[in-house]
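Listing of data.pdb, PDB, C-alpha atoms, pLDDT in the B column
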MODEL        1
ATOM      1  CA  MET K   1     -37.322  51.450  10.344  1.00 76.00           C
ATOM      2  CA  LYS K   2     -40.712  51.158   8.711  1.00 91.00           C
ATOM      3  CA  ASN K   3     -43.228  48.708  10.097  1.00 96.00           C
ATOM      4  CA  PHE K   4     -44.316  47.575   6.639  1.00 97.00           C
ATOM      5  CA  THR K   5     -43.058  46.332   3.276  1.00 97.00           C
ATOM      6  CA  LYS K   6     -44.822  46.606  -0.083  1.00 97.00           C
ATOM      7  CA  THR K   7     -44.480  45.208  -3.597  1.00 97.00           C
ATOM      8  CA  SER K   8     -46.462  45.634  -6.825  1.00 97.00           C
ATOM      9  CA  LEU K   9     -47.073  42.619  -9.045  1.00 96.00           C
ATOM     10  CA  SER K  10     -47.733  42.443 -12.768  1.00 88.00           C
ATOM     11  CA  ASN K  11     -48.908  39.306 -14.547  1.00 85.00           C
ATOM     12  CA  GLU K  12     -46.027  36.949 -13.825  1.00 89.00           C
ATOM     13  CA  PRO K  13     -46.916  33.214 -14.021  1.00 91.00           C
ATOM     14  CA  ARG K  14     -45.669  32.675 -10.434  1.00 95.00           C
ATOM     15  CA  VAL K  15     -44.565  35.102  -7.749  1.00 97.00           C
ATOM     16  CA  GLU K  16     -43.347  34.175  -4.261  1.00 97.00           C
ATOM     17  CA  LEU K  17     -43.664  36.896  -1.620  1.00 98.00           C
ATOM     18  CA  HIS K  18     -41.758  35.519   1.411  1.00 98.00           C
ATOM     19  CA  ASP K  19     -38.374  37.027   0.602  1.00 97.00           C
ATOM     20  CA  THR K  20     -39.698  40.130  -1.182  1.00 97.00           C
ATOM     21  CA  LEU K  21     -41.892  41.227   1.747  1.00 98.00           C
ATOM     22  CA  ASN K  22     -39.768  39.714   4.562  1.00 98.00           C
ATOM     23  CA  LEU K  23     -42.679  37.542   5.692  1.00 98.00           C
ATOM     24  CA  THR K  24     -42.117  35.641   8.951  1.00 98.00           C
ATOM     25  CA  GLY K  25     -45.377  33.729   9.398  1.00 98.00           C
ATOM     26  CA  ALA K  26     -46.277  32.570   5.886  1.00 98.00           C
ATOM     27  CA  GLU K  27     -45.137  32.040   2.337  1.00 98.00           C
ATOM     28  CA  VAL K  28     -47.633  33.430  -0.176  1.00 98.00           C
ATOM     29  CA  SER K  29     -47.465  32.721  -3.896  1.00 98.00           C
ATOM     30  CA  ILE K  30     -49.616  33.962  -6.762  1.00 98.00           C
ATOM     31  CA  ASN K  31     -49.843  31.441  -9.568  1.00 97.00           C
ATOM     32  CA  ALA K  32     -51.295  31.363 -13.089  1.00 97.00           C
ATOM     33  CA  LEU K  33     -51.724  28.319 -15.341  1.00 98.00           C
ATOM     34  CA  PRO K  34     -52.848  28.712 -18.968  1.00 98.00           C
ATOM     35  CA  ALA K  35     -55.772  26.686 -20.321  1.00 98.00           C
ATOM     36  CA  GLY K  36     -54.935  22.991 -20.511  1.00 98.00           C
ATOM     37  CA  ALA K  37     -51.872  23.261 -18.254  1.00 98.00           C
ATOM     38  CA  GLY K  38     -51.184  21.772 -14.831  1.00 97.00           C
ATOM     39  CA  VAL K  39     -48.541  21.769 -12.127  1.00 96.00           C
ATOM     40  CA  PRO K  40     -46.212  19.011 -13.409  1.00 95.00           C
ATOM     41  CA  PHE K  41     -45.923  17.129 -10.088  1.00 96.00           C
ATOM     42  CA  VAL K  42     -47.925  15.934  -7.076  1.00 97.00           C
ATOM     43  CA  HIS K  43     -46.743  17.239  -3.696  1.00 97.00           C
ATOM     44  CA  SER K  44     -47.445  17.095   0.023  1.00 98.00           C
ATOM     45  CA  HIS K  45     -45.980  18.997   2.994  1.00 98.00           C
ATOM     46  CA  LYS K  46     -44.106  18.087   6.157  1.00 98.00           C
ATOM     47  CA  GLN K  47     -45.604  20.637   8.576  1.00 97.00           C
ATOM     48  CA  ASN K  48     -47.366  23.335   6.537  1.00 98.00           C
ATOM     49  CA  GLU K  49     -51.103  23.743   6.027  1.00 98.00           C
ATOM     50  CA  GLU K  50     -51.881  25.261   2.625  1.00 98.00           C
ATOM     51  CA  ILE K  51     -54.737  27.657   1.884  1.00 98.00           C
ATOM     52  CA  TYR K  52     -55.687  28.123  -1.767  1.00 98.00           C
ATOM     53  CA  GLY K  53     -57.910  30.892  -3.149  1.00 98.00           C
ATOM     54  CA  ILE K  54     -59.040  30.899  -6.786  1.00 98.00           C
ATOM     55  CA  LEU K  55     -58.880  34.452  -8.154  1.00 97.00           C
ATOM     56  CA  GLU K  56     -59.786  33.964 -11.818  1.00 97.00           C
ATOM     57  CA  GLY K  57     -60.786  31.250 -14.259  1.00 98.00           C
ATOM     58  CA  GLU K  58     -61.482  27.606 -13.547  1.00 98.00           C
ATOM     59  CA  GLY K  59     -59.787  24.274 -13.172  1.00 98.00           C
ATOM     60  CA  GLU K  60     -59.480  21.239 -10.963  1.00 98.00           C
ATOM     61  CA  ALA K  61     -57.482  20.016  -8.005  1.00 98.00           C
ATOM     62  CA  LEU K  62     -56.599  16.387  -7.461  1.00 98.00           C
ATOM     63  CA  ILE K  63     -56.435  15.904  -3.680  1.00 98.00           C
ATOM     64  CA  ASP K  64     -55.699  12.393  -2.399  1.00 97.00           C
ATOM     65  CA  GLU K  65     -56.995  11.187  -5.785  1.00 89.00           C
ATOM     66  CA  GLU K  66     -60.336  13.049  -5.418  1.00 96.00           C
ATOM     67  CA  ARG K  67     -61.189  15.434  -8.238  1.00 97.00           C
ATOM     68  CA  VAL K  68     -62.290  18.850  -6.890  1.00 98.00           C
ATOM     69  CA  ALA K  69     -63.755  21.372  -9.353  1.00 98.00           C
ATOM     70  CA  LEU K  70     -62.410  24.918  -8.934  1.00 98.00           C
ATOM     71  CA  LYS K  71     -63.765  28.302  -9.976  1.00 98.00           C
ATOM     72  CA  ALA K  72     -63.138  31.951  -9.018  1.00 97.00           C
ATOM     73  CA  GLY K  73     -64.255  32.550  -5.415  1.00 97.00           C
ATOM     74  CA  ASP K  74     -63.419  29.041  -4.183  1.00 98.00           C
ATOM     75  CA  TRP K  75     -61.151  28.691  -1.147  1.00 98.00           C
ATOM     76  CA  LEU K  76     -59.613  25.495   0.256  1.00 98.00           C
ATOM     77  CA  ARG K  77     -57.612  24.367   3.266  1.00 98.00           C
ATOM     78  CA  ILE K  78     -55.397  21.362   2.575  1.00 98.00           C
ATOM     79  CA  SER K  79     -53.743  19.360   5.389  1.00 98.00           C
ATOM     80  CA  PRO K  80     -49.958  18.926   5.224  1.00 98.00           C
ATOM     81  CA  LYS K  81     -50.017  15.207   4.365  1.00 98.00           C
ATOM     82  CA  ALA K  82     -52.616  15.414   1.561  1.00 98.00           C
ATOM     83  CA  LYS K  83     -51.297  14.679  -1.932  1.00 98.00           C
ATOM     84  CA  ARG K  84     -52.248  17.589  -4.208  1.00 98.00           C
ATOM     85  CA  GLN K  85     -51.939  18.719  -7.817  1.00 98.00           C
ATOM     86  CA  PHE K  86     -53.599  21.704  -9.564  1.00 98.00           C
ATOM     87  CA  PHE K  87     -54.796  22.057 -13.166  1.00 98.00           C
ATOM     88  CA  ALA K  88     -56.384  24.727 -15.341  1.00 98.00           C
ATOM     89  CA  SER K  89     -59.427  23.584 -17.301  1.00 98.00           C
ATOM     90  CA  LYS K  90     -59.088  22.847 -21.006  1.00 98.00           C
ATOM     91  CA  GLN K  91     -61.211  25.912 -21.835  1.00 97.00           C
ATOM     92  CA  SER K  92     -59.854  28.449 -19.335  1.00 97.00           C
ATOM     93  CA  GLY K  93     -56.709  29.407 -17.523  1.00 98.00           C
ATOM     94  CA  ILE K  94     -56.714  29.676 -13.729  1.00 98.00           C
ATOM     95  CA  LYS K  95     -55.131  32.180 -11.337  1.00 98.00           C
ATOM     96  CA  TYR K  96     -54.800  31.322  -7.656  1.00 98.00           C
ATOM     97  CA  ILE K  97     -53.163  32.307  -4.400  1.00 98.00           C
ATOM     98  CA  CYS K  98     -51.399  29.701  -2.264  1.00 98.00           C
ATOM     99  CA  ILE K  99     -50.663  30.453   1.412  1.00 98.00           C
ATOM    100  CA  GLN K 100     -48.295  28.195   3.381  1.00 98.00           C
ATOM    101  CA  VAL K 101     -48.492  28.396   7.185  1.00 98.00           C
ATOM    102  CA  LYS K 102     -47.296  26.088   9.958  1.00 98.00           C
ATOM    103  CA  GLU K 103     -50.194  23.858  11.021  1.00 98.00           C
ATOM    104  CA  ASN K 104     -51.580  24.778  14.471  1.00 98.00           C
ATOM    105  CA  SER K 105     -49.389  27.886  14.727  1.00 98.00           C
ATOM    106  CA  LEU K 106     -52.168  30.484  15.066  1.00 98.00           C
ATOM    107  CA  GLU K 107     -52.865  31.229  18.734  1.00 98.00           C
ATOM    108  CA  ASN K 108     -55.158  34.269  18.577  1.00 97.00           C
ATOM    109  CA  TYR K 109     -56.793  36.301  15.826  1.00 97.00           C
ATOM    110  CA  THR K 110     -59.110  39.248  15.212  1.00 95.00           C
ATOM    111  CA  GLY K 111     -61.042  39.790  18.475  1.00 94.00           C
ATOM    112  CA  THR K 112     -58.328  38.235  20.663  1.00 96.00           C
ATOM    113  CA  ASP K 113     -55.291  39.629  18.833  1.00 97.00           C
ATOM    114  CA  ALA K 114     -56.306  43.020  17.468  1.00 97.00           C
ATOM    115  CA  THR K 115     -56.311  46.240  19.454  1.00 97.00           C
ATOM    116  CA  ILE K 116     -58.666  48.991  18.372  1.00 96.00           C
ATOM    117  CA  LEU K 117     -56.938  52.353  18.770  1.00 93.00           C
TER     118      LEU K 117
ATOM    119  CA  MET V   1     -61.857  11.964   7.178  1.00 76.00           C
ATOM    120  CA  LYS V   2     -60.971  14.176   4.241  1.00 91.00           C
ATOM    121  CA  ASN V   3     -57.688  16.043   4.267  1.00 96.00           C
ATOM    122  CA  PHE V   4     -59.251  19.212   2.871  1.00 97.00           C
ATOM    123  CA  THR V   5     -62.110  21.683   3.315  1.00 97.00           C
ATOM    124  CA  LYS V   6     -63.644  23.940   0.655  1.00 97.00           C
ATOM    125  CA  THR V   7     -66.004  26.899   0.464  1.00 97.00           C
ATOM    126  CA  SER V   8     -67.348  29.028  -2.396  1.00 97.00           C
ATOM    127  CA  LEU V   9     -67.693  32.783  -1.924  1.00 96.00           C
ATOM    128  CA  SER V  10     -69.990  35.252  -3.628  1.00 88.00           C
ATOM    129  CA  ASN V  11     -69.648  39.025  -3.356  1.00 84.00           C
ATOM    130  CA  GLU V  12     -70.092  39.490   0.386  1.00 89.00           C
ATOM    131  CA  PRO V  13     -68.550  42.734   1.785  1.00 91.00           C
ATOM    132  CA  ARG V  14     -66.470  40.704   4.285  1.00 95.00           C
ATOM    133  CA  VAL V  15     -65.887  36.975   4.674  1.00 97.00           C
ATOM    134  CA  GLU V  16     -63.740  35.322   7.356  1.00 97.00           C
ATOM    135  CA  LEU V  17     -62.440  31.852   6.515  1.00 98.00           C
ATOM    136  CA  HIS V  18     -60.896  30.577   9.784  1.00 98.00           C
ATOM    137  CA  ASP V  19     -63.981  28.837  11.132  1.00 97.00           C
ATOM    138  CA  THR V  20     -65.485  27.907   7.751  1.00 97.00           C
ATOM    139  CA  LEU V  21     -62.361  26.082   6.557  1.00 98.00           C
ATOM    140  CA  ASN V  22     -61.069  24.969   9.994  1.00 98.00           C
ATOM    141  CA  LEU V  23     -57.828  26.880   9.483  1.00 98.00           C
ATOM    142  CA  THR V  24     -55.154  26.290  12.134  1.00 98.00           C
ATOM    143  CA  GLY V  25     -52.277  28.509  10.973  1.00 98.00           C
ATOM    144  CA  ALA V  26     -53.991  31.663   9.711  1.00 98.00           C
ATOM    145  CA  GLU V  27     -57.118  33.745   9.584  1.00 98.00           C
ATOM    146  CA  VAL V  28     -57.931  34.883   6.056  1.00 98.00           C
ATOM    147  CA  SER V  29     -60.554  37.499   5.266  1.00 98.00           C
ATOM    148  CA  ILE V  30     -61.786  38.854   1.937  1.00 98.00           C
ATOM    149  CA  ASN V  31     -62.946  42.446   2.210  1.00 97.00           C
ATOM    150  CA  ALA V  32     -64.661  44.967  -0.050  1.00 97.00           C
ATOM    151  CA  LEU V  33     -65.117  48.690   0.540  1.00 98.00           C
ATOM    152  CA  PRO V  34     -67.262  50.808  -1.786  1.00 98.00           C
ATOM    153  CA  ALA V  35     -65.895  54.034  -3.297  1.00 98.00           C
ATOM    154  CA  GLY V  36     -65.393  56.680  -0.626  1.00 98.00           C
ATOM    155  CA  ALA V  37     -65.613  54.237   2.300  1.00 98.00           C
ATOM    156  CA  GLY V  38     -63.026  53.212   4.863  1.00 97.00           C
ATOM    157  CA  VAL V  39     -62.605  50.853   7.783  1.00 96.00           C
ATOM    158  CA  PRO V  40     -64.075  52.955  10.622  1.00 95.00           C
ATOM    159  CA  PHE V  41     -61.215  52.406  13.089  1.00 96.00           C
ATOM    160  CA  VAL V  42     -57.406  52.219  13.372  1.00 97.00           C
ATOM    161  CA  HIS V  43     -56.024  48.932  14.708  1.00 97.00           C
ATOM    162  CA  SER V  44     -52.809  47.133  15.598  1.00 98.00           C
ATOM    163  CA  HIS V  45     -52.077  43.537  16.639  1.00 98.00           C
ATOM    164  CA  LYS V  46     -50.573  41.838  19.678  1.00 98.00           C
ATOM    165  CA  GLN V  47     -48.691  38.990  17.972  1.00 97.00           C
ATOM    166  CA  ASN V  48     -49.972  38.656  14.415  1.00 98.00           C
ATOM    167  CA  GLU V  49     -48.251  39.802  11.232  1.00 98.00           C
ATOM    168  CA  GLU V  50     -50.777  40.826   8.576  1.00 98.00           C
ATOM    169  CA  ILE V  51     -50.371  40.322   4.822  1.00 98.00           C
ATOM    170  CA  TYR V  52     -52.660  42.331   2.557  1.00 98.00           C
ATOM    171  CA  GLY V  53     -53.220  41.717  -1.159  1.00 98.00           C
ATOM    172  CA  ILE V  54     -55.227  44.138  -3.295  1.00 98.00           C
ATOM    173  CA  LEU V  55     -57.437  42.162  -5.696  1.00 97.00           C
ATOM    174  CA  GLU V  56     -59.464  44.898  -7.391  1.00 97.00           C
ATOM    175  CA  GLY V  57     -59.850  48.667  -7.437  1.00 98.00           C
ATOM    176  CA  GLU V  58     -57.766  51.247  -5.639  1.00 98.00           C
ATOM    177  CA  GLY V  59     -57.459  53.042  -2.346  1.00 98.00           C
ATOM    178  CA  GLU V  60     -55.053  53.984   0.403  1.00 98.00           C
ATOM    179  CA  ALA V  61     -53.674  52.624   3.639  1.00 98.00           C
ATOM    180  CA  LEU V  62     -52.672  54.782   6.551  1.00 98.00           C
ATOM    181  CA  ILE V  63     -49.807  52.950   8.287  1.00 98.00           C
ATOM    182  CA  ASP V  64     -48.211  54.680  11.292  1.00 97.00           C
ATOM    183  CA  GLU V  65     -49.566  57.920   9.823  1.00 89.00           C
ATOM    184  CA  GLU V  66     -47.878  57.329   6.416  1.00 96.00           C
ATOM    185  CA  ARG V  67     -50.227  57.371   3.413  1.00 97.00           C
ATOM    186  CA  VAL V  68     -49.624  54.361   1.134  1.00 98.00           C
ATOM    187  CA  ALA V  69     -51.360  54.302  -2.277  1.00 98.00           C
ATOM    188  CA  LEU V  70     -52.958  50.954  -3.140  1.00 98.00           C
ATOM    189  CA  LYS V  71     -53.982  49.405  -6.461  1.00 98.00           C
ATOM    190  CA  ALA V  72     -54.774  45.895  -7.717  1.00 97.00           C
ATOM    191  CA  GLY V  73     -51.645  43.730  -7.615  1.00 97.00           C
ATOM    192  CA  ASP V  74     -50.124  45.425  -4.553  1.00 98.00           C
ATOM    193  CA  TRP V  75     -49.121  43.245  -1.589  1.00 98.00           C
ATOM    194  CA  LEU V  76     -48.002  44.406   1.878  1.00 98.00           C
ATOM    195  CA  ARG V  77     -46.604  42.922   5.066  1.00 98.00           C
ATOM    196  CA  ILE V  78     -47.496  44.901   8.184  1.00 98.00           C
ATOM    197  CA  SER V  79     -45.789  44.305  11.547  1.00 98.00           C
ATOM    198  CA  PRO V  80     -48.030  43.561  14.550  1.00 98.00           C
ATOM    199  CA  LYS V  81     -47.477  46.882  16.312  1.00 98.00           C
ATOM    200  CA  ALA V  82     -48.068  49.142  13.277  1.00 98.00           C
ATOM    201  CA  LYS V  83     -51.201  51.285  13.427  1.00 98.00           C
ATOM    202  CA  ARG V  84     -53.223  50.670  10.249  1.00 98.00           C
ATOM    203  CA  GLN V  85     -56.434  51.769   8.542  1.00 98.00           C
ATOM    204  CA  PHE V  86     -57.668  51.008   4.993  1.00 98.00           C
ATOM    205  CA  PHE V  87     -59.728  53.176   2.635  1.00 98.00           C
ATOM    206  CA  ALA V  88     -61.231  52.875  -0.847  1.00 98.00           C
ATOM    207  CA  SER V  89     -60.523  55.817  -3.149  1.00 98.00           C
ATOM    208  CA  LYS V  90     -63.240  58.368  -3.788  1.00 98.00           C
ATOM    209  CA  GLN V  91     -63.548  57.175  -7.405  1.00 97.00           C
ATOM    210  CA  SER V  92     -63.292  53.404  -6.980  1.00 97.00           C
ATOM    211  CA  GLY V  93     -64.117  50.644  -4.537  1.00 98.00           C
ATOM    212  CA  ILE V  94     -61.377  48.298  -3.344  1.00 98.00           C
ATOM    213  CA  LYS V  95     -61.336  44.534  -2.761  1.00 98.00           C
ATOM    214  CA  TYR V  96     -58.532  42.993  -0.714  1.00 98.00           C
ATOM    215  CA  ILE V  97     -57.406  39.879   1.109  1.00 98.00           C
ATOM    216  CA  CYS V  98     -56.063  40.079   4.662  1.00 98.00           C
ATOM    217  CA  ILE V  99     -54.022  37.196   6.073  1.00 98.00           C
ATOM    218  CA  GLN V 100     -53.267  37.065   9.820  1.00 98.00           C
ATOM    219  CA  VAL V 101     -50.406  34.796  10.923  1.00 98.00           C
ATOM    220  CA  LYS V 102     -48.347  34.594  14.118  1.00 98.00           C
ATOM    221  CA  GLU V 103     -45.137  36.583  13.609  1.00 98.00           C
ATOM    222  CA  ASN V 104     -42.041  34.346  13.287  1.00 98.00           C
ATOM    223  CA  SER V 105     -44.139  31.151  13.226  1.00 98.00           C
ATOM    224  CA  LEU V 106     -43.030  29.855   9.809  1.00 98.00           C
ATOM    225  CA  GLU V 107     -40.138  27.395  10.191  1.00 98.00           C
ATOM    226  CA  ASN V 108     -39.837  25.905   6.700  1.00 97.00           C
ATOM    227  CA  TYR V 109     -41.531  26.431   3.336  1.00 97.00           C
ATOM    228  CA  THR V 110     -41.509  25.275  -0.270  1.00 95.00           C
ATOM    229  CA  GLY V 111     -38.113  23.595  -0.840  1.00 94.00           C
ATOM    230  CA  THR V 112     -37.623  22.692   2.817  1.00 96.00           C
ATOM    231  CA  ASP V 113     -41.238  21.727   3.625  1.00 97.00           C
ATOM    232  CA  ALA V 114     -42.699  20.252   0.437  1.00 97.00           C
ATOM    233  CA  THR V 115     -42.214  16.670  -0.680  1.00 97.00           C
ATOM    234  CA  ILE V 116     -42.471  15.946  -4.398  1.00 96.00           C
ATOM    235  CA  LEU V 117     -44.248  12.605  -4.880  1.00 93.00           C
TER     236      LEU V 117
ENDMDL
END
Before anything else, please render the file you have as structure tokens.
Amino acid sequence: MKNFTKTSLSNEPRVELHDTLNLTGAEVSINALPAGAGVPFVHSHKQNEEIYGILEGEGEALIDEERVALKAGDWLRISPKAKRQFFASKQSGIKYICIQVKENSLENYTGTDATIL
Amino acid sequence: MKNFTKTSLSNEPRVELHDTLNLTGAEVSINALPAGAGVPFVHSHKQNEEIYGILEGEGEALIDEERVALKAGDWLRISPKAKRQFFASKQSGIKYICIQVKENSLENYTGTDATIL
């Protein structure tokens, strides 16, 4: 059995990778909102930290009622309990990655987890 | 104390976000290789699953000695023990995200972890 899985995305408005790639440590979604649009609800999490990366365009996040301007190249960590909602700007759509991971689950990384062969 | 952290990236060849964003469930890096270049070593992991997303350009991964063509929009999950090495193509650079998470650490996600407010 292969030690990897692969998928190729097009320009879908939202893609979730957990089931497609058989992920076991994260859910990863790629999301696009057209200009003037927003996620239609506010949400928080029970145990998952979320990491957002803005790939294209610009917009705004509302996090615990604070307005946070977003543009391509911005990355955020949001604690599970924070109340969050994402919007594209009126002038531009926005494309972003969202990574869900269990808070405090990472034990080692890079220098302490990788083996150079 | 705020329930989020934020950073803004430019076009650095490699950026690691764990310490900058105080991540606790993942390490996330954004990597760029110019045309004809490759990561100069093969590596595997002790306990971390890696998720790679190709943002721009094209190249190739060598995974357990299998050549895997890569282009923008491709996403991969690689098991900890797999031997991996990434290359840009000769004609084009490649930009990609790498997410390290502890294998089997995700307990719930989306429908079972999010709360709509």
May I have chain V as an mmCIF file with C-alpha atoms, in the frame of the given file, after a least-squares superposition on chain K that uses all C-alpha atoms paired in order?
data_model
loop_
_atom_site.group_PDB
_atom_site.id
_atom_site.type_symbol
_atom_site.label_atom_id
_atom_site.label_comp_id
_atom_site.auth_asym_id
_atom_site.auth_seq_id
_atom_site.Cartn_x
_atom_site.Cartn_y
_atom_site.Cartn_z
ATOM 1 C CA MET V 1 -37.327 51.444 10.384
ATOM 2 C CA LYS V 2 -40.718 51.162 8.734
ATOM 3 C CA ASN V 3 -43.236 48.706 10.109
ATOM 4 C CA PHE V 4 -44.325 47.579 6.648
ATOM 5 C CA THR V 5 -43.062 46.337 3.280
ATOM 6 C CA LYS V 6 -44.820 46.616 -0.089
ATOM 7 C CA THR V 7 -44.477 45.210 -3.592
ATOM 8 C CA SER V 8 -46.457 45.641 -6.819
ATOM 9 C CA LEU V 9 -47.071 42.625 -9.048
ATOM 10 C CA SER V 10 -47.733 42.435 -12.763
ATOM 11 C CA ASN V 11 -48.910 39.305 -14.564
ATOM 12 C CA GLU V 12 -46.020 36.955 -13.826
ATOM 13 C CA PRO V 13 -46.913 33.212 -14.036
ATOM 14 C CA ARG V 14 -45.670 32.682 -10.448
ATOM 15 C CA VAL V 15 -44.568 35.113 -7.752
ATOM 16 C CA GLU V 16 -43.347 34.172 -4.265
ATOM 17 C CA LEU V 17 -43.663 36.885 -1.623
ATOM 18 C CA HIS V 18 -41.766 35.509 1.411
ATOM 19 C CA ASP V 19 -38.388 37.023 0.599
ATOM 20 C CA THR V 20 -39.706 40.127 -1.188
ATOM 21 C CA LEU V 21 -41.883 41.223 1.740
ATOM 22 C CA ASN V 22 -39.761 39.706 4.555
ATOM 23 C CA LEU V 23 -42.666 37.536 5.683
ATOM 24 C CA THR V 24 -42.113 35.641 8.943
ATOM 25 C CA GLY V 25 -45.377 33.721 9.394
ATOM 26 C CA ALA V 26 -46.272 32.576 5.878
ATOM 27 C CA GLU V 27 -45.152 32.039 2.330
ATOM 28 C CA VAL V 28 -47.634 33.439 -0.177
ATOM 29 C CA SER V 29 -47.470 32.717 -3.892
ATOM 30 C CA ILE V 30 -49.623 33.969 -6.761
ATOM 31 C CA ASN V 31 -49.848 31.444 -9.571
ATOM 32 C CA ALA V 32 -51.284 31.350 -13.083
ATOM 33 C CA LEU V 33 -51.735 28.325 -15.333
ATOM 34 C CA PRO V 34 -52.839 28.709 -18.957
ATOM 35 C CA ALA V 35 -55.776 26.693 -20.323
ATOM 36 C CA GLY V 36 -54.922 23.002 -20.509
ATOM 37 C CA ALA V 37 -51.864 23.259 -18.237
ATOM 38 C CA GLY V 38 -51.189 21.772 -14.825
ATOM 39 C CA VAL V 39 -48.543 21.769 -12.128
ATOM 40 C CA PRO V 40 -46.221 19.009 -13.405
ATOM 41 C CA PHE V 41 -45.927 17.129 -10.096
ATOM 42 C CA VAL V 42 -47.929 15.925 -7.069
ATOM 43 C CA HIS V 43 -46.740 17.231 -3.696
ATOM 44 C CA SER V 44 -47.436 17.091 0.027
ATOM 45 C CA HIS V 45 -45.982 19.003 2.990
ATOM 46 C CA LYS V 46 -44.099 18.093 6.155
ATOM 47 C CA GLN V 47 -45.596 20.645 8.564
ATOM 48 C CA ASN V 48 -47.362 23.326 6.540
ATOM 49 C CA GLU V 49 -51.101 23.735 6.028
ATOM 50 C CA GLU V 50 -51.881 25.257 2.628
ATOM 51 C CA ILE V 51 -54.745 27.655 1.880
ATOM 52 C CA TYR V 52 -55.684 28.132 -1.767
ATOM 53 C CA GLY V 53 -57.910 30.892 -3.154
ATOM 54 C CA ILE V 54 -59.049 30.894 -6.781
ATOM 55 C CA LEU V 55 -58.895 34.454 -8.145
ATOM 56 C CA GLU V 56 -59.794 33.971 -11.809
ATOM 57 C CA GLY V 57 -60.772 31.253 -14.261
ATOM 58 C CA GLU V 58 -61.486 27.617 -13.549
ATOM 59 C CA GLY V 59 -59.790 24.279 -13.173
ATOM 60 C CA GLU V 60 -59.481 21.246 -10.950
ATOM 61 C CA ALA V 61 -57.484 20.006 -8.001
ATOM 62 C CA LEU V 62 -56.597 16.393 -7.453
ATOM 63 C CA ILE V 63 -56.448 15.904 -3.670
ATOM 64 C CA ASP V 64 -55.713 12.378 -2.405
ATOM 65 C CA GLU V 65 -57.003 11.174 -5.778
ATOM 66 C CA GLU V 66 -60.347 13.041 -5.404
ATOM 67 C CA ARG V 67 -61.183 15.453 -8.237
ATOM 68 C CA VAL V 68 -62.292 18.853 -6.885
ATOM 69 C CA ALA V 69 -63.765 21.384 -9.351
ATOM 70 C CA LEU V 70 -62.409 24.918 -8.932
ATOM 71 C CA LYS V 71 -63.775 28.308 -9.989
ATOM 72 C CA ALA V 72 -63.140 31.940 -9.022
ATOM 73 C CA GLY V 73 -64.254 32.553 -5.434
ATOM 74 C CA ASP V 74 -63.422 29.045 -4.185
ATOM 75 C CA TRP V 75 -61.146 28.700 -1.144
ATOM 76 C CA LEU V 76 -59.608 25.492 0.257
ATOM 77 C CA ARG V 77 -57.619 24.367 3.273
ATOM 78 C CA ILE V 78 -55.395 21.362 2.594
ATOM 79 C CA SER V 79 -53.737 19.366 5.395
ATOM 80 C CA PRO V 80 -49.947 18.916 5.229
ATOM 81 C CA LYS V 81 -50.006 15.215 4.372
ATOM 82 C CA ALA V 82 -52.605 15.411 1.566
ATOM 83 C CA LYS V 83 -51.294 14.672 -1.922
ATOM 84 C CA ARG V 84 -52.251 17.581 -4.200
ATOM 85 C CA GLN V 85 -51.944 18.719 -7.812
ATOM 86 C CA PHE V 86 -53.599 21.705 -9.555
ATOM 87 C CA PHE V 87 -54.792 22.043 -13.156
ATOM 88 C CA ALA V 88 -56.381 24.725 -15.336
ATOM 89 C CA SER V 89 -59.423 23.581 -17.309
ATOM 90 C CA LYS V 90 -59.071 22.852 -21.003
ATOM 91 C CA GLN V 91 -61.194 25.918 -21.838
ATOM 92 C CA SER V 92 -59.858 28.462 -19.347
ATOM 93 C CA GLY V 93 -56.698 29.424 -17.515
ATOM 94 C CA ILE V 94 -56.717 29.674 -13.724
ATOM 95 C CA LYS V 95 -55.138 32.190 -11.339
ATOM 96 C CA TYR V 96 -54.813 31.322 -7.656
ATOM 97 C CA ILE V 97 -53.164 32.299 -4.398
ATOM 98 C CA CYS V 98 -51.397 29.703 -2.253
ATOM 99 C CA ILE V 99 -50.670 30.454 1.405
ATOM 100 C CA GLN V 100 -48.305 28.182 3.372
ATOM 101 C CA VAL V 101 -48.487 28.387 7.177
ATOM 102 C CA LYS V 102 -47.285 26.078 9.954
ATOM 103 C CA GLU V 103 -50.194 23.857 11.015
ATOM 104 C CA ASN V 104 -51.581 24.778 14.468
ATOM 105 C CA SER V 105 -49.381 27.894 14.715
ATOM 106 C CA LEU V 106 -52.167 30.483 15.058
ATOM 107 C CA GLU V 107 -52.842 31.235 18.738
ATOM 108 C CA ASN V 108 -55.141 34.265 18.568
ATOM 109 C CA TYR V 109 -56.786 36.311 15.816
ATOM 110 C CA THR V 110 -59.109 39.239 15.208
ATOM 111 C CA GLY V 111 -61.031 39.784 18.477
ATOM 112 C CA THR V 112 -58.335 38.233 20.657
ATOM 113 C CA ASP V 113 -55.282 39.631 18.818
ATOM 114 C CA ALA V 114 -56.312 43.025 17.443
ATOM 115 C CA THR V 115 -56.313 46.234 19.447
ATOM 116 C CA ILE V 116 -58.687 48.984 18.346
ATOM 117 C CA LEU V 117 -56.944 52.352 18.763
#
Distance filter 8 Å, only C-alpha atoms, chain K against chain V, as a PyMOL selection string: chain K and resi 3-10+21-27+41-49+63-64+73-79+81-83+100-109+113-117
Separation of atom CA of Lys90 of chain K from atom CA of Val15 of chain K in Å: 23.2 Å
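You can rank V:Met1, V:Tyr96, V:Ala61, V:Gln85 by their closest distance to Pro13 of chain V using all atoms listed in the file, and at the top of that list sits V:Tyr96.
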One-decimal distance in Å that lies between atom CA of Ala69 of chain K and atom CA of Gly36 of chain K: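 Separation between atom CA of Gly36 of chain K and atom CA of Ala69 of chain K: 14.3 Å.
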Gap from atom CA of Gly38 of chain K to atom CA of Arg67 of chain K - Å, one decimal: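 A separation of 13.6 Å between them.
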Exercise: Gly93 of chain V partners within 9 Å, all atoms listed in the file, chain neighbours under 2 positions left out, as a list in words: Ala32, Leu33, Pro34, Ala35, Gly36, Ala37, Glu56, Gly57, Glu58, Gly59, Phe87, Ala88, Ser89, Lys90, Gln91 and Lys95 of chain V
